[in-house]
Each structure stands twice: as structure tokens, then as C-alpha cells.
Amino acid sequence: MNTRQDQLQAIDRLLTIMDELREKCPWDKKQTLQTLRHLTIEETYELGDAILDNNLEEVKKELGDLLLHIVFYSKIGSETSDFDIADVANGISEKLIHRHPHIYGDVKVENEEEVKQNWEKLKLKEGKKSVLEGVPKSLPALVKASRIQDKVAGVGFDWEEPQQVFEKLQEELGELQVEVDKQDHDKMEAEFGDVLFSMINYARFLKINPEDALERTNKKFIKRFQYLEAKSKDLGKPLSDMTLAEMDVFWEEAKKA
């Protein structure tokens, strides 16, 4: 692997290239924090895909794309004298030191859970009025639910055993069925949300990332359905003309493939 000096030189090279692009490239010159935002979100999801696929070559490439965005934002910030890459790096360094008193101070912790609890207490001491202030409003609902549960658990608002969470999930499923029987759509939606929230909470107790789990299932379904489409094409018979029984044969084949 590269030495620390090589790593620093690589970062310096990227900063120099960013300076040149911002000065000379028509596209790069026009970009703002706002125009880059959606691109950064897209790059983050692409990194997530690469991680789920365990494609380390793609992980490296996508990390490079995200690093470019960080450098880009920092360059824009320097042009208005608000911040530069050094401010960004120093800011996160100071935060890490402050948030890890068990490493850089005299606080003692026994395990990961105590680290997380201390983390949330420190945030409140920093002036936050709620432990939930750190949950971005624009997060997708599934990810947001997971982060909410992590945050409140960090200050002790949590179940004690996984079985309790599972029983709560069963309770919520029963309440959903009651509203389904009544066909009250608004209440059905509310109860369905409760079921999902409980499922995400149960996943946390099982040490499962619900976003990763669902995305793995998405990928699995896509792969199997595309196998089904390929077989349909080989037969010269559109899927819309196939019976469910016929499609199920190929679906089972896809599961074994």
C-alpha cells in the first residue's frame, strides 16, 4: 500500500487539479453547492451498490467520486472565504477527538453500546435540544426510521430483549389486520407504517441493517425476474401470454441457478 507521504501527495495532486478545473473548465466553473447536491446523493448510492456487491474495485472508484465532491465543495467554500479543505478536515478531526473521550480523555467504556450512549450525551452537551436533531429530514423513510431508533436507544429508550420487539411486531400486525378488515384506508396506512417501524426495530435487535437486507432482496428479485424474461424470450412467448404456473417453473429454476 501507499506510504503516508504518497497519500498526502495524491491529495495535493487532486487539490491542484480541482484548482485548474475550477479556473479553466466551463462546466466546473458553473457549479455551485446546490447544483452538485443531487450528484453527490447519486454518487453515494452508487457507492452503496458497490459495497453491497462486494465489488472492491468499484468501491475504490466510487470513493474517488465522493472525494472529488468533497474537494469540489471545499473549493467553492474557499472562493467565498467561508471554509476550505483544511477547515473541513480540522473540523471533523476536532469532532472525533471530542466525541471519543475514551480514547483522548479519561472516560472508561466497556463496550460499543457505552460508546454510543456517551456519543449521544456529548451531543446534548454541545447544545442540541433533542437527540433526534441529528437525523436528516431528507433521509429516505426506511433509513430515517433506523437512525431514529439508534438515536433514542443511545439514551436508554429501548426494549430489553429481541422477543419483546417481536411480540410488538405481532401486535402491530394484528392491528393492521383489524383496519384491513374495516377497509379504512387512512388507518390501514397508519398501521402499515407501525408494522414497518417495528420490523426495522426488530432488525436492529438482530444486528441486521434493514436497508441492506431489503436491497439484497431487490437485487435477488431483479436477477430472478430477468432470468424469467430471458426464458420467455427464448420460447418466443411474451410473459403476458404465460400462465402463472408456467412462469413459476422458470422462477424456481432461477432460484436454483
# chains A, B, ... in the order shown; residues from 1 in each chain; ligands from 1

$ residues_around --residues "range 225-227 of chain A" --least-positions-apart "3" --cutoff "8 Å" --atoms "only C-alpha atoms" --output "ChimeraX atom specification"
/A:221-222,230-231,250-251,254

$ residues_around --residues "Val88 in chain A" --least-positions-apart "3" --cutoff "12 Å" --atoms "only C-alpha atoms" --output "ChimeraX atom specification"
/A:70-75,77-78,82-85,91-95

$ closest_atom_pairs --of "range 54-152 of chain A" --to "range 184-205 of chain A" --cutoff "7 Å" --atoms "only C-alpha atoms" --output "Markdown table"
| residue | atom | partner | partner_atom | distance |
| --- | --- | --- | --- | --- |
| A:Ala145 | CA | A:Phe197 | CA | 6.5 |
| A:Ser146 | CA | A:Ile200 | CA | 6.3 |
| A:Gln149 | CA | A:Asn201 | CA | 6.8 |

$ write_last_selection --atoms "all heavy atoms" --output "mmCIF file, in the first residue's frame"
data_model
loop_
_atom_site.group_PDB
_atom_site.id
_atom_site.type_symbol
_atom_site.label_atom_id
_atom_site.label_comp_id
_atom_site.auth_asym_id
_atom_site.auth_seq_id
_atom_site.Cartn_x
_atom_site.Cartn_y
_atom_site.Cartn_z
ATOM 1 N N ALA A 145 -36.074 5.830 9.844
ATOM 2 C CA ALA A 145 -36.609 5.057 10.971
ATOM 3 C C ALA A 145 -35.484 4.345 11.712
ATOM 4 O O ALA A 145 -35.458 4.305 12.944
ATOM 5 C CB ALA A 145 -37.644 4.047 10.478
ATOM 6 N N SER A 146 -34.558 3.790 10.970
ATOM 7 C CA SER A 146 -33.432 3.088 11.569
ATOM 8 C C SER A 146 -32.563 4.037 12.399
ATOM 9 O O SER A 146 -32.155 3.716 13.526
ATOM 10 C CB SER A 146 -32.586 2.423 10.477
ATOM 11 O OG SER A 146 -31.529 1.681 11.026
ATOM 12 N N GLN A 149 -34.329 5.109 15.679
ATOM 13 C CA GLN A 149 -34.270 4.070 16.698
ATOM 14 C C GLN A 149 -32.878 3.963 17.312
ATOM 15 O O GLN A 149 -32.729 3.747 18.518
ATOM 16 C CB GLN A 149 -34.715 2.741 16.087
ATOM 17 C CG GLN A 149 -36.191 2.731 15.734
ATOM 18 C CD GLN A 149 -36.586 1.579 14.839
ATOM 19 O OE1 GLN A 149 -35.795 0.677 14.584
ATOM 20 N NE2 GLN A 149 -37.822 1.606 14.350
#

$ atom_distance --atom1 "CA of Trp27 in chain A" --atom2 "CA of Glu58 in chain A"
25.1 Å

$ select_by_dssp --residues "range 69-248 of chain A" --states "alpha helix (DSSP H)" --output "MDAnalysis selection string"
chainID A and resid 69:79 85:99 101:104 112:125 141:153 162:182 185:205 210:235 244:248

$ atom_distance --atom1 "CA of Pro140 in chain A" --atom2 "CA of Asp49 in chain A"
15.9 Å

$ closest_residue --among "A:Lys219, A:Lys121, A:Ala86, A:Val143" --to "Pro101 in chain A" --atoms "only C-alpha atoms"
A:Lys121

$ atom_distance --atom1 "CA of Leu47 in chain A" --atom2 "CA of Leu67 in chain A"
11.6 Å

$ closest_residue --among "A:Gly174, A:Lys233, A:Trp159, A:Asp53" --to "Lys220 in chain A" --atoms "only C-alpha atoms"
A:Asp53

$ residues_around --residues "Glu120 in chain A" --least-positions-apart "6" --cutoff "9 Å" --atoms "only C-alpha atoms" --output "list in words"
Val131, Lys151, Val152, Gly154 and Val155 of chain A
